[in-house]
Each structure stands twice: as C-alpha cells, then as structure tokens.
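Q: Here you go, one structure.
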There are 2 protein chains.
Amino acid sequence: MLRRAILAVCAGAIWTSCFAETGVSTAMAQDPHAFVNTLMPEPEHLTVESGYLPLTTSFTAATSSFHNARLDNAIHRMLVEFENNTGLQIDLQPSEANTATLLITVGGPGEAIQGLDEDESYSLDVTSDGARLKAATVVGAMRGLQTFLQLVQNDGSSYFVPSVSIQDSPRFRWRGLMIDCSRHFEPIPVIKRELDGMAAVKLNVFHWHLTDDQGFRIESKVFPKLTEMGSDGQYYTQAQAREIVAYARARGIRVVPEFDMPGHTQSWFVGYPELTSDPGPYQVEHQYGIFDPVMDPTRESTYVFLDKFIGEMAAIFPDAYMHIGGDENNGVQWKNNPRIQRFMKAHNLHGTAALQTYFNQKVMAILKKHHKRMVGWDEILAPGLTRTAVIQSWRGGASLTAAAKQGYDAILSSGYYLDQIQSAEQHYLVDPIPANTDMTPEEQAHILGGEACMWGEHVTPFTIDSRIWPRTAAIAERLWSPQNVNNVDDMYRRLWVEDLRLEGLGLTQISYEGVALRQLAGTMDIGPLRKLASVVQPVGFEERYQLQHTSQLTPMDHLIDAVPPDPPSRHAMQVLVKNYLANHDAKDEAELEKIFAEWIAAGPKALAMMQKAPRLNAAEPKATELVELGTMGQQALRYISKQQNAPAGWADAKLALIQQAKTPYGKVRFTVLGPMTELVKAVQ
Amino acid sequence: MLRRAILAVCAGAIWTSCFAETGVSTAMAQDPHAFVNTLMPEPEHLTVESGYLPLTTSFTAATSSFHNARLDNAIHRMLVEFENNTGLQIDLQPSEANTATLLITVGGPGEAIQGLDEDESYSLDVTSDGARLKAATVVGAMRGLQTFLQLVQNDGSSYFVPSVSIQDSPRFRWRGLMIDCSRHFEPIPVIKRELDGMAAVKLNVFHWHLTDDQGFRIESKVFPKLTEMGSDGQYYTQAQAREIVAYARARGIRVVPEFDMPGHTQSWFVGYPELTSDPGPYQVEHQYGIFDPVMDPTRESTYVFLDKFIGEMAAIFPDAYMHIGGDENNGVQWKNNPRIQRFMKAHNLHGTAALQTYFNQKVMAILKKHHKRMVGWDEILAPGLTRTAVIQSWRGGASLTAAAKQGYDAILSSGYYLDQIQSAEQHYLVDPIPANTDMTPEEQAHILGGEACMWGEHVTPFTIDSRIWPRTAAIAERLWSPQNVNNVDDMYRRLWVEDLRLEGLGLTQISYEGVALRQLAGTMDIGPLRKLASVVQPVGFEERYQLQHTSQLTPMDHLIDAVPPDPPSRHAMQVLVKNYLANHDAKDEAELEKIFAEWIAAGPKALAMMQKAPRLNAAEPKATELVELGTMGQQALRYISKQQNAPAGWADAKLALIQQAKTPYGKVRFTVLGPMTELVKAVQ
C-alpha cells in the first residue's frame, strides 16, 4: 500500500520564476517525478501520494457502466488534447473497462437541461497502476477530465501523472463569463474558442449579451427587421445560436442569453419604432454611452411583441434563465412623453424606477409563461420586484448584499469587469462572500456565484482573447475553489502555466501581441519593441474612452490593442524587487541588473522603430522613459548593494521621473512603476 | 504635368536585409516618399511618377457609373483593411464620385458565373490628387483594389500611396490553389482565411479536394451514407459548401470541386460497397498510400450513382469545371475480378489505362449532361480521351507539354507541390511555359496556368497556413506576372513584405511557430529555441513519411510541425555569404559575426530546454551542431578576413561536420549548410 502524505494545497511546489523577455518559466521540481501543482482552479481536496502513472502510447480510456454520447464526446476531446499536449499517438476509441488506464465511472447523465443544481463534483485517484475518475453526472466527469489534463507533467523525456487523490466540487454554482457581442460582433469561431477556455477552467455559464444600442445580433424570424435593419449585417443566425448552445452543452456550459431592455434598445427601434417612447426614426447607434431611447412600457403592444420574441428565443435557448438587462435607463424619453407621464400618474407609479419595475413585472410574467426565470442587472432591484428575479450586481458589492438580504438570488460582477484593465490579482481578491461578510448563512445561500464581464466597446475578434485570458482563469478559481485559496503569488505561478495551456487550445491571447507588433512596426524584427511592450499595458476603459473618444467605428489596431492587460512583468517585477529588498540576494540583484540592462539596450532601438511607424509615434516617450527607468534601476542597485548614499536630491529626482512616467502615451502605461518606486525609496 | 520616369520593375527599390532573429526587415528608401516596390505579384506594366497621394482620415472611395453588391462589398472590405493597415478611421460608406479619393470605374458585372475568360485586367493611376481604378469587370476591380492596398507606404509619421500608373492583366487565366481536405479535415474558418490569402495575391481558382480514401468531406443528401459512414464525422454540410462558394466568388475566386475517382475512393465504399470492384466490406482508410479499392467501371449502376451524385454536386458548385481526380489507380481490383476481366476482353480494353479511359468517357458524358467540363490528374491522359478534358500535370512537366501537343488544355502542378517542402525559389522558377519551350504558340495557348497543391497528409488546421504561405505568393506571381519577372532576390525581398501583409489578414503562418514552440517547451521563454528553429526546416514529404510512418492518426505536434518550410534564414544567409565572399565588406562580416555568436550563445540554452521537453529530445543534436556551425563560421571569418591559411585538415574536418549536420534529427534539417559550405571552401 502506498504511503500517503497529505500536503497543504501548493505547499510542496518548488518553483523558479525567470523574468526574461516574457517574464515566465514553468514550474520545475527537484525530483523529476515530484508533483508540481499547476491546477487551476485548485480542487477542494487534494492528497499527494508517492509514485506516478507513466503516460505512453498505450494509454487508454474507458467508461464503466453508464455512458452516453455527451460523455463519449468529452472523453474523445480529452484524448485528442492529450495527444496535442504529449505528441503520443494513442487509441482514441474507448477501450475495455478492465484494461483502461483511465477508467471513468459516471452515475448518470445529469439534468436534461443543465441547471443551477447540476452536480459538478468528481473524484480522481491516480496511482502508478492507473487513474479512476468518478462522478455522479457527465458534467462532473467533464470537470474531472480537465483536472486530469492539468495533472500531466514530464520528467524531461517522458510524460506522467503524479499519484494524487482529489475530491472536488465547486464553491459556487454560477460561474460565468459574459461577452458583449453587440458593440463589437464576435464571429462564431471566436465564441467557440472562448467556450473551450471556459471549459478548461471549469466555468459553467456563458452569458451572451446579444442586443444593445449598437447592434441586434440574433436572428428573429418573427421580427426579421430586428437584424435586417438593426445589425449592420452582423448577427448570428438561429442555426448558429443553436450550434453555440450545443457546443456549450457538450462542455458542461449553460448559455444564458441577454436581451437588454427597456433601455439599451436603440437597435430594436430601427426596424420597430413602434416599440419606443418617442416616435424616432432611429439608426443603429455607433457611439458609446447611455442613450435616451427606451421601450414604451405603457402600451400592451410592447408586451405582445416581447411575448412573441421571448417565445421565439426560448425555443433556441433552453436554459431556465433569461437575462433582460435592465441597466442604465435614464428615463428621459419617459419624462418627455406626456402620455407616459399620464399613465404613471394613473397607475400611481412615482419615478423612472417604479415604471421600470412595472415593466419588469410584466416581462417577468412573459418569461414565466415561457418557463424562464428572470436575471437582470442591479438596477432592476427596486420595490415591487418579485423575489424570483436574480440580481446581477455590477455597480458595487453592496447591491449584491442588498439583494441577498432582501431574499433575491444574486450574482457578482462588480470587481470582475475585464474592460477595466485591472490585474488578475485585483479580480482574484474580490470574493462574492468575503470572509468578513455580515450576511447570515441564509442570506449567503442567495449568492449564486459570479461572472466575469467582457464588454465589447474596445475588443475585436483579434484582441478579445487577451482581454479575457488569462485573467478570467483567476476569476474562475475564485468562484470554484475554497475561500481560503487566495495566495496571490501562487495564483500567478499557476496562472502562467494555465496561460500556456489556454494557448494550446487555440486561443490567441499570447500570440496576438507579436502579430500586432509586426503589423504596427511593419517588420518581423520586433525584439526591442517587444521588450518595451512587455512592461506596458493598456489604460483602462474610461481613460481610453476619454483619450480617444472611441466609437464602434474606431479602428482597434494601435499599440493599446496589441499589449495585454496585466502582463507577467507586473507581478514578477513586484515580487523580484520585494525579495531583493528583503534579502539582498545576489541572484535577485543579477536578475534585476539584467532586466535594467535590457531596458537600456532596447529603448533606443524601440524608439527608432517607433519613429518609422506612424501608429507607434504617439508612444515614443515610453521608449525614452524605459531607458531612464533602466538607468535609475542600475543606479539604485549600485547604491543599495554597495550601501552607498545617493547624491543629495537623487531620490527626489528619480521619484519625479517615475511620476512623469505615469503619464500614458499611446494609451499605454508602465507596469513596473510600483516596484521602481520601492527600489528608489530603498536607497539611502 | 508630372515628369514621368519609367522604371524597370523593381529597379528603383533600395533595400536592406537584416538577418537577425527572423532574418528580415522591410524595404526602406532614402527619400521617405520614394516608391518602394513591394507589389506581389508584379503588375504587367508599372510607371512610377513623382509625387504621392497622402492618406488621411478623409480618404473616401466611390464608384462612378456601374456598381453592384459584389463590387460594393469588395470596396468595403478594402476600406476595412485600409483601416486595419493604417489605424486611420475613415468613412466606410461610398462617397460622392466627384469628391472620392479613390474613384473606381467598372464597365460591368463580368460573367454571371466567373469563368476562364473573365476579364481580370485593370488600370490604376495614382497622383497627388487621387487614385483612379478602372476595370472592365468587378473581378478586374478586385485585383486593382488589392494592388492599391499593396501600394500603401509610410514616411514614418503618415501613410501615403506613391504616384504610379499601372496597367495590369494576368499572364495565365487559371491560377489556383488546391487544398486536400480529406486526409486532414480543415474547418470552414481555415478555408476562408486561405481564400483571403489567395485574393491578396490574385489567385483565382480554389481547387477543393473533397474526397479521398481517408475521408468523404461533402454532404450528399441523395447518398447520406457517404458522410455518415465515410467521414469520421468530419465533413462540410451543403450549406457550408455554398457559403464557401459565395465567399470565394465575393473575392473573384472560382471553386472547382474534386471528387477523385475511380481510385482514391475507399471512403465512398464504406457506405456504398456496391460501387466497388471487390465486395468489401470497407472502412475509412487511416493509412496513407495507394490502395486497391476502385470503382467498378463495368456496371451501369455505377454510372447511375455517379449521375445522381454529380447532379447533386453540380447544383452546389456552379463552376463550369469539375475535377474527377483519376490518379493512382493501381488496377489491382480490376485484375483480380474475373467479371471485370471478361468485360475488358469483350470490349477490347487492353489494360488498366484503357478501362479507366472507358470509365472516364462515361463520366465525361455525365459531366456534360450537367454542363461541366472535366478536369483530371495527368493519368487520365490516355488514348481515347475526348479533347475537352483538361489535364492537370503533377508527375512532371512533360505531361503538361504532352497534353498541350495533343490538343488538350492543361494546368501545371508539377513543381508546385507545397508538401515537398521546397523553397519559394524552387517553385518560383518553375514556369508553365518556360522561355525555352518547344511548344508552338497554338500549343502554348492550351496551357491554362497552374495550381499550387497542398496535400493533406501532414497538415492540420494549425500548421496548414505556414505550409501554404508565403510560398504560394511566389507561385501566384509566377502565374500572374510577365515571364521575365524572375529575379529571385527581389522576389524574396517582396515575399517577406507580403508575408506580413498575409499575417495581417488573420493567417497564422508566422505566429504559429511561437505558439508551437511554447507548447513544446512548456514555457514562454523560448528565445534560444526560436533561434535554433529559425535555421531549420521540415524534411520533405517522403522523408517524413519514411522516418515516422505517418498516418491520419499521427499527432502533428512535433518540432517539424512548428517550423515553417523555407524560412527567411535560408535565402538571407545565402545572399549574405555570397556578398561577403564577393566583396569582403566589413558590414557583411559584422553581420555574419553576429549571427555566429548568436548561434553559439543559443545552442547550449536551446539544448537545455530540449532536454526538459520530451517532444524536443529527438532534435537535441541540432543544438550541438548549431554551436559547431557557429564556431566554424567564426573561424572561417577570421581566416578569410585576416587572409590567413587554416591549419592543415581544417577545411576537410569542417566539411565533414557539415556533412554530418545534413542528417535530420527530430525530422528537421538545417537551412544554412549551403552557404556554410561556401564559407569553408573560401578558406585557403
């Protein structure tokens, strides 16, 4: 019998971080067969044993007892990915159960339409003799198959899976990603690869924001003018939507469509102005912002329309939930319409929120008729709203708690807005139920989970991957793993491994930077430019909007679109400087020295490239500043290591330089100014 | 009036080549507004004038007189690409003709179904006042729009188009790319991006190899078992095929489908064994090679089947041509079938070729009934074949000439096989009608053009782009441009620019190497490995097949799949060493010195990475050899520059090393051994 050693999650992992060009290297252990935890999300319970399962071309998988096409397909996909990750040609057909390397025992199919209560738990036991995956449902088995793939390691010449025992189930039942396909249309292949990424990190809800002022993206056969006149020709056919629903279901992911109403509806009104509170006419809105057009909630014809439309959509999207948006209705059209004002008085509806709740209640009845439960953004939380509505909190965590305390189920998105260009760390530390919550257990039970939100103003099919990934993997871990899994350094260590795995699925979040820099610079030799790019990141949503006054027509092909948010440099530099200042380790000093020398060498070359490339001109000051930062870093290292005092005024001058370097140019800002400040401040 | 200076094509281009990591930089001129010819393919007539057209956000395009949806869409795509290439937000709607920056004057729509005689000519005149594109047809305008995009340059801070006058028309009417989607299935998005690349270099025929032993890839509603049983679930629906036909037509590209018969048909027989010459049963063939299964040409039922099938396909593929394959029928099943042998005797058919011609003639009648002209591989060229058949030569240029001399129209593919891993140079110098041809003008008129062939044994959706591009751009130039456009150095100078432009369209031929190396090495820090990868390329088709015994089930995720054929290093190193040996220029010497130092530095680091990555182990000797080659290069430079004699035996030892280094490891070989040999031989 194997000797079992229970390890605290991650505690056994020995890792080195090499902050070179891209700042990352994968984990390496001393014993080539030692378990290195690169699981993301972390499982609930993990026991590491001695020994390992060698992976060879004779690897086989089989189900014992129950299987169906959905499970068979999931296993087949896992085996293909196994081949992609190892190069080992294996038998993709199911083997005999009694000889299978990986035996998958599943209780049954799970829910006919995957719902909130789908059992996603599984257990996975790996020994040198084989692997045993057990789950109550097919979806549970899918989660375990992803874990199995994440366990694959190599010893330099062969692949293996270390002996482990895992019992796992999610902390939250609703773990989503919203993608806004209205403000920028994302073609079907893009949606599919995002679903692949979601499945890899065990997310289970794809919230599809299909309609907004800037475009109506789903074909209606009942109301064909919705896309004929409201989509600029960019929309999903019903067949494509069904294809996405099936693709998602095959990966254990629900699809919750959003039809934002009564505001954010300008694209509806181009073809159907009779829905509005102002006769129009209307055009598809190409600007961004909050606009006046809003449905007329006082006319029965509006609900007749919505009943038909929702009925049509309910047949395409089988999920039990449907999202009706409900956000950012400024009420202007309602205030300006005397007939609506009279209606409000007659019905004793005081103010915009009250009328919107009247509308919401009518829509809720329609949804109920079509067997759907309502989800809406937190604006719908107003007196009179029936308790079956689900509140999606986006304007702050307070609305989440408020909803739960009032007895509504709720989902957190505040803190998970990907377009804000926050760090993975910032998202990771946002907890739907923080440790210090004042909610009662009953209230906590109303918190269903959370959703990362990818609003579409500033993303294209080319850039969306790097805006979603890898940061969403950190959010996925927050929503799946136990609350006490919150070590940021360890999260990043695993995040960069997951980043590579996501790239292996076909996502472009790593490769696009090179593509874009080559296009911008007009050359294949982008080395120095890439060095500069590695230490900058885009400004946030609001700042970009202010700087550029972006609209749907703005080309998204500048430096800001090339560089990813929260690149490896940010956290790696932070850790490196912190460690150096704490320990004055020669190895850290040498690494910093190397980094600063690279900045100094790259700066002038990058500048020369930028001067030749019109779209890079605006960011030229960053190249000069890179040299200044490198020089400052070298000087700081020298003073610190030789325990010399800097000349009078040196620190102030350098801090002023850092202050200047905070100004974005070309709509990008440095990722390393925090640790550079620490370094300067450490000089006597 | 502008002073016109007629330049020989390319003669005015000043360029520098920087053989760094990827070996290429784009062309740079002294006068920032001087014309730099990066057109590919070269136009027939080009006149360069003084002056230039500035490109700004006020750029507009319009049609004068005729336009239709196909033209409008082509202009819209051009404008979007213009935005992608410049970052300038322009009006995507047509402007007034009298104020348009680019005015497009088109005579008419062209052929209802684009055919061999479609007029693809155009003229393009650019002055500082504007640009004028004229064409007889929409397809001609499309060709001119691509030229316009290729003319965009920048002066470091602004974009412009130099003043030029171009009159252009293609040398050959049939300029194709064949993609085999049977041996590896290529999803629709892959096909679309290849079509985008084809349109960029003015190719006009997509030859779609849809059926073969290894998979039947097109849905038949008449014979559903063809895909149900013969495709392993991977096939195009009829709706998808129509989508591709429309996508291609929108880009001025014909789609010629191929249904290979009577051999290469094993996938048909899984569902319909009654078609064969041996009762079977059959499975989809997952091995590669030439197999015995062949249709039974002696039964009328075969032709009844084919009549129905071809009729169904004719409704999907409107092109006037249909390809029936006809290659590699080994005749074994016919020889082994007594009934077929009796039939041959009874009909006085002597041998396999005669019976196949009997079959071909029957099929030709069916094609004719469905208004299709037959195309076949050169095996169909046998006595008795009707002269309306078109011969596609693949087994050598001789069959092309033979076909033309016998009065058949013919297409060249011999010399354009992309899976052979030849250089762009080798393909480029293959001319369907060489300067020294012995064909009469009448015979030459039978040569319709040529087709690059991408056979599918060793390509996946991830690797296919780098196998097709950029080499196919060189073939496209051979088929479009005048015969005397054949300067290899200048072709490569322009090819690397086109390579970047193709990447800008969404093709992955540059970026995939990085993706794959990261996956293979399991790290983002692939610098040294990339340095090694930059000087190796895959072994050819036959050699890989021999080394690996590949089948359809072989994972295509090894080093050989990561590295592109004919990388920039090959030609750049050749030119650099040649120039150095001719002129002993200090700059060339310094560049070589830098390259060799990089090899020596990268080798050990690459080796360390390879030792940690199971799939890279096999190529480890290449890392050691890289250091040896670098050392050898440094020594050679020293002997040559100092005019010293090398020690006795030095050259022999080094030549022996080069000889050893020719051995492929990890199924890749060096690209630089030719110039290294020259360098060693130049040492006294």
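Please note that chains go A, B, ... in the order of the structure tokens, that every chain numbers its residues from 1, and that ligands are numbered from 1 in the order shown.
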Could you pull the residues within 10 Å of A:Arg342, counting only C-alpha atoms, minus those fewer than 6 positions along the same chain, as a VMD selection string?

A: chain A and resid 298 348 to 349

Q: Mind checking which residues fall within 8 Å of stretch 177-193 of chain A, counting only C-alpha atoms, ignoring those fewer than 4 positions away in the same chain, and posting them as a PDB file with C-alpha atoms, in the first residue's frame?

A:
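That gives us out_9.pdb:
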ATOM      1  CA  GLY A 197     -11.199  28.260 -22.491  1.00  0.00           C
ATOM      2  CA  MET A 198     -14.150  28.381 -20.108  1.00  0.00           C
ATOM      3  CA  LEU A 203     -16.684  27.868 -15.794  1.00  0.00           C
ATOM      4  CA  VAL A 205     -22.319  29.850 -17.648  1.00  0.00           C
ATOM      5  CA  PHE A 206     -21.842  31.678 -20.932  1.00  0.00           C
ATOM      6  CA  HIS A 207     -23.863  34.874 -20.610  1.00  0.00           C
ATOM      7  CA  TRP A 208     -24.374  36.077 -24.170  1.00  0.00           C
ATOM      8  CA  HIS A 209     -25.107  39.806 -24.401  1.00  0.00           C
ATOM      9  CA  LEU A 210     -26.854  39.716 -27.764  1.00  0.00           C
ATOM     10  CA  THR A 211     -28.606  43.042 -28.088  1.00  0.00           C
ATOM     11  CA  ASP A 212     -27.759  46.625 -27.272  1.00  0.00           C
ATOM     12  CA  ASP A 213     -27.994  50.084 -28.778  1.00  0.00           C
ATOM     13  CA  GLN A 214     -25.072  49.310 -31.072  1.00  0.00           C
ATOM     14  CA  GLY A 215     -26.430  46.187 -32.743  1.00  0.00           C
ATOM     15  CA  PHE A 216     -29.052  43.470 -32.620  1.00  0.00           C
ATOM     16  CA  ARG A 217     -27.133  40.222 -33.077  1.00  0.00           C
ATOM     17  CA  GLN A 234     -23.557  41.289 -38.352  1.00  0.00           C
ATOM     18  CA  TYR A 235     -25.645  38.794 -36.448  1.00  0.00           C
ATOM     19  CA  TYR A 236     -25.952  35.140 -35.519  1.00  0.00           C
ATOM     20  CA  GLN A 240     -25.579  29.354 -35.320  1.00  0.00           C
ATOM     21  CA  ILE A 244     -23.300  27.518 -29.770  1.00  0.00           C
ATOM     22  CA  TYR A 247     -21.183  23.384 -28.270  1.00  0.00           C
ATOM     23  CA  GLU A 451     -19.483  36.377 -13.750  1.00  0.00           C
ATOM     24  CA  ALA A 452     -16.532  37.952 -15.476  1.00  0.00           C
ATOM     25  CA  CYS A 453     -17.796  40.616 -17.898  1.00  0.00           C
ATOM     26  CA  MET A 454     -16.238  41.315 -21.258  1.00  0.00           C
ATOM     27  CA  TRP A 455     -17.935  44.445 -22.516  1.00  0.00           C
ATOM     28  CA  GLY A 456     -17.411  44.964 -26.207  1.00  0.00           C
ATOM     29  CA  GLU A 457     -16.561  48.628 -26.768  1.00  0.00           C
ATOM     30  CA  HIS A 458     -12.838  48.084 -27.135  1.00  0.00           C
ATOM     31  CA  VAL A 459     -12.425  44.494 -28.230  1.00  0.00           C
ATOM     32  CA  THR A 460     -12.324  42.913 -31.672  1.00  0.00           C
ATOM     33  CA  PRO A 461     -12.095  39.273 -32.727  1.00  0.00           C
ATOM     34  CA  LEU A 505      -6.452  25.205 -27.143  1.00  0.00           C
ATOM     35  CA  GLY A 506      -6.196  27.731 -29.952  1.00  0.00           C
ATOM     36  CA  LEU A 507      -6.666  30.942 -28.002  1.00  0.00           C
ATOM     37  CA  GLN A 552     -17.933  51.445 -32.789  1.00  0.00           C
TER      38      GLN A 552
ATOM     39  CA  PRO B 189     -12.718  29.285 -40.927  1.00  0.00           C
TER      40      PRO B 189
END

Q: As a PyMOL selection string, could you give me every residue of chain A near chain B (at most 8 Å apart, counting only C-alpha atoms)?

A: chain A and resi 20-26+83-89+154-159+189+497+500-501+503-504+511-512+514-515+518-519+522-525+553-558+611-615+617

Q: Step one, run DSSP on the backbone; step two, keep only residues of stretch 159-365 of chain A assigned to helix (DSSP H, G or I); then write them as a PyMOL selection string.

A: chain A and resi 188-200+225-230+238-250+266-271+273-275+300-316+332-336+338-346+352-365

Q: Between atom CA of B:Thr99 and atom CA of B:Pro54, what is the spacing in Å?

A: 15.0 Å

Q: Near stretch 381-394 of chain B, counting only C-alpha atoms, which residues have an atom at most 10 Å away, once you skip same-chain residues fewer than 4 positions from it, shown as number ranges by chain?

A: B: 321-323, 325-327, 353-354, 356-358, 360-361, 364, 373-377, 398-404, 406-417, 446-451, 453

Q: For those residues, write C-alpha atoms to a file as a PDB file, in the first residue's frame.

A:
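For reference, part-v2.pdb as written:
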ATOM      1  CA  TYR B 321     -15.308  22.743 -64.377  1.00  0.00           C
ATOM      2  CA  MET B 322     -15.416  19.667 -62.186  1.00  0.00           C
ATOM      3  CA  HIS B 323     -12.361  17.652 -61.214  1.00  0.00           C
ATOM      4  CA  GLY B 325      -9.130  13.082 -59.995  1.00  0.00           C
ATOM      5  CA  GLY B 326      -8.273   9.925 -61.856  1.00  0.00           C
ATOM      6  CA  ASP B 327      -4.861   9.465 -60.261  1.00  0.00           C
ATOM      7  CA  ALA B 353      -5.476   2.614 -68.559  1.00  0.00           C
ATOM      8  CA  ALA B 354      -7.824   1.550 -71.328  1.00  0.00           C
ATOM      9  CA  GLN B 356     -10.054   3.745 -66.966  1.00  0.00           C
ATOM     10  CA  THR B 357     -10.447   5.744 -70.171  1.00  0.00           C
ATOM     11  CA  TYR B 358     -13.656   3.822 -70.825  1.00  0.00           C
ATOM     12  CA  ASN B 360     -13.594   8.485 -67.906  1.00  0.00           C
ATOM     13  CA  GLN B 361     -15.527   8.766 -71.139  1.00  0.00           C
ATOM     14  CA  MET B 364     -17.418  12.807 -69.114  1.00  0.00           C
ATOM     15  CA  ARG B 373     -16.127  20.221 -68.223  1.00  0.00           C
ATOM     16  CA  MET B 374     -13.827  17.511 -66.893  1.00  0.00           C
ATOM     17  CA  VAL B 375     -10.508  18.138 -65.204  1.00  0.00           C
ATOM     18  CA  GLY B 376      -8.292  15.243 -64.164  1.00  0.00           C
ATOM     19  CA  TRP B 377      -4.782  14.454 -62.983  1.00  0.00           C
ATOM     20  CA  ALA B 398       6.486  16.525 -69.605  1.00  0.00           C
ATOM     21  CA  SER B 399       2.871  15.537 -69.222  1.00  0.00           C
ATOM     22  CA  LEU B 400       1.863  19.172 -69.486  1.00  0.00           C
ATOM     23  CA  THR B 401       3.620  19.570 -72.805  1.00  0.00           C
ATOM     24  CA  ALA B 402       2.360  16.209 -73.996  1.00  0.00           C
ATOM     25  CA  ALA B 403      -1.216  17.204 -73.228  1.00  0.00           C
ATOM     26  CA  ALA B 404      -0.892  20.551 -74.980  1.00  0.00           C
ATOM     27  CA  GLN B 406      -2.161  16.549 -78.249  1.00  0.00           C
ATOM     28  CA  GLY B 407      -4.602  19.426 -78.123  1.00  0.00           C
ATOM     29  CA  TYR B 408      -5.723  19.229 -74.515  1.00  0.00           C
ATOM     30  CA  ASP B 409      -5.962  22.224 -72.250  1.00  0.00           C
ATOM     31  CA  ALA B 410      -3.613  21.715 -69.343  1.00  0.00           C
ATOM     32  CA  ILE B 411      -2.678  23.045 -65.905  1.00  0.00           C
ATOM     33  CA  LEU B 412       0.715  22.717 -64.261  1.00  0.00           C
ATOM     34  CA  SER B 413       1.095  21.459 -60.704  1.00  0.00           C
ATOM     35  CA  SER B 414       4.347  19.555 -61.039  1.00  0.00           C
ATOM     36  CA  GLY B 415       6.843  21.811 -59.287  1.00  0.00           C
ATOM     37  CA  TYR B 416       4.178  23.448 -57.147  1.00  0.00           C
ATOM     38  CA  TYR B 417       3.716  20.710 -54.520  1.00  0.00           C
ATOM     39  CA  HIS B 446      -3.561  25.208 -74.318  1.00  0.00           C
ATOM     40  CA  ILE B 447      -1.586  25.918 -71.136  1.00  0.00           C
ATOM     41  CA  LEU B 448      -4.221  27.483 -68.919  1.00  0.00           C
ATOM     42  CA  GLY B 449      -1.971  28.100 -65.948  1.00  0.00           C
ATOM     43  CA  GLY B 450      -1.076  26.285 -62.783  1.00  0.00           C
ATOM     44  CA  GLU B 451      -2.038  25.314 -59.280  1.00  0.00           C
ATOM     45  CA  CYS B 453      -1.092  21.822 -54.303  1.00  0.00           C
TER      46      CYS B 453
END

Q: Could you give me, as a list in words, the residues within 8 Å of B:Asn486, counting only C-alpha atoms and dropping anything in the same chain fewer than 5 positions from it?

A: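 The residues satisfying every condition are Tyr428, Leu429, Arg478 and Met491 of chain B.
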
Q: If you count only C-alpha atoms, which residues fall within 9 Å of B:Gly603, apart from same-chain ones fewer than 5 positions away, as a PyMOL selection string?

A: chain B and resi 528-529+531-532+598+608+622-627

Q: When you look at A:Val294 with a cut-off of 8 Å (counting only C-alpha atoms), what residues show up, excluding the ones that are within fewer than 4 positions of it in the same chain? I need them as a count of residues only.

A: 12

Q: If you run DSSP on the backbone here, which positions in stretch 2-217 of chain B get strand (DSSP E or B)? Please write them as a PyMOL selection string.

A: chain B and resi 4-5+45-55+61-65+102-108+122-127+130-137+153-154+159-168+174-180+205-212+215-216

Q: Can you pull out the residues contacting A:Ile113? Cut-off 10 Å, using only C-alpha atoms, and skip same-chain residues under 3 positions away; I want them as a list of chain:residue names.

A: A:Gly110, A:Leu116, A:Glu118, A:Arg249, A:Arg254, A:Pro318, A:Asp319, A:Ala320

Q: Which distance in Å separates atom CA of A:Ala562 and atom CA of A:Asp419, to one decimal?

A: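 Between atom CA of A:Ala562 and atom CA of A:Asp419 the gap is 14.5 Å.
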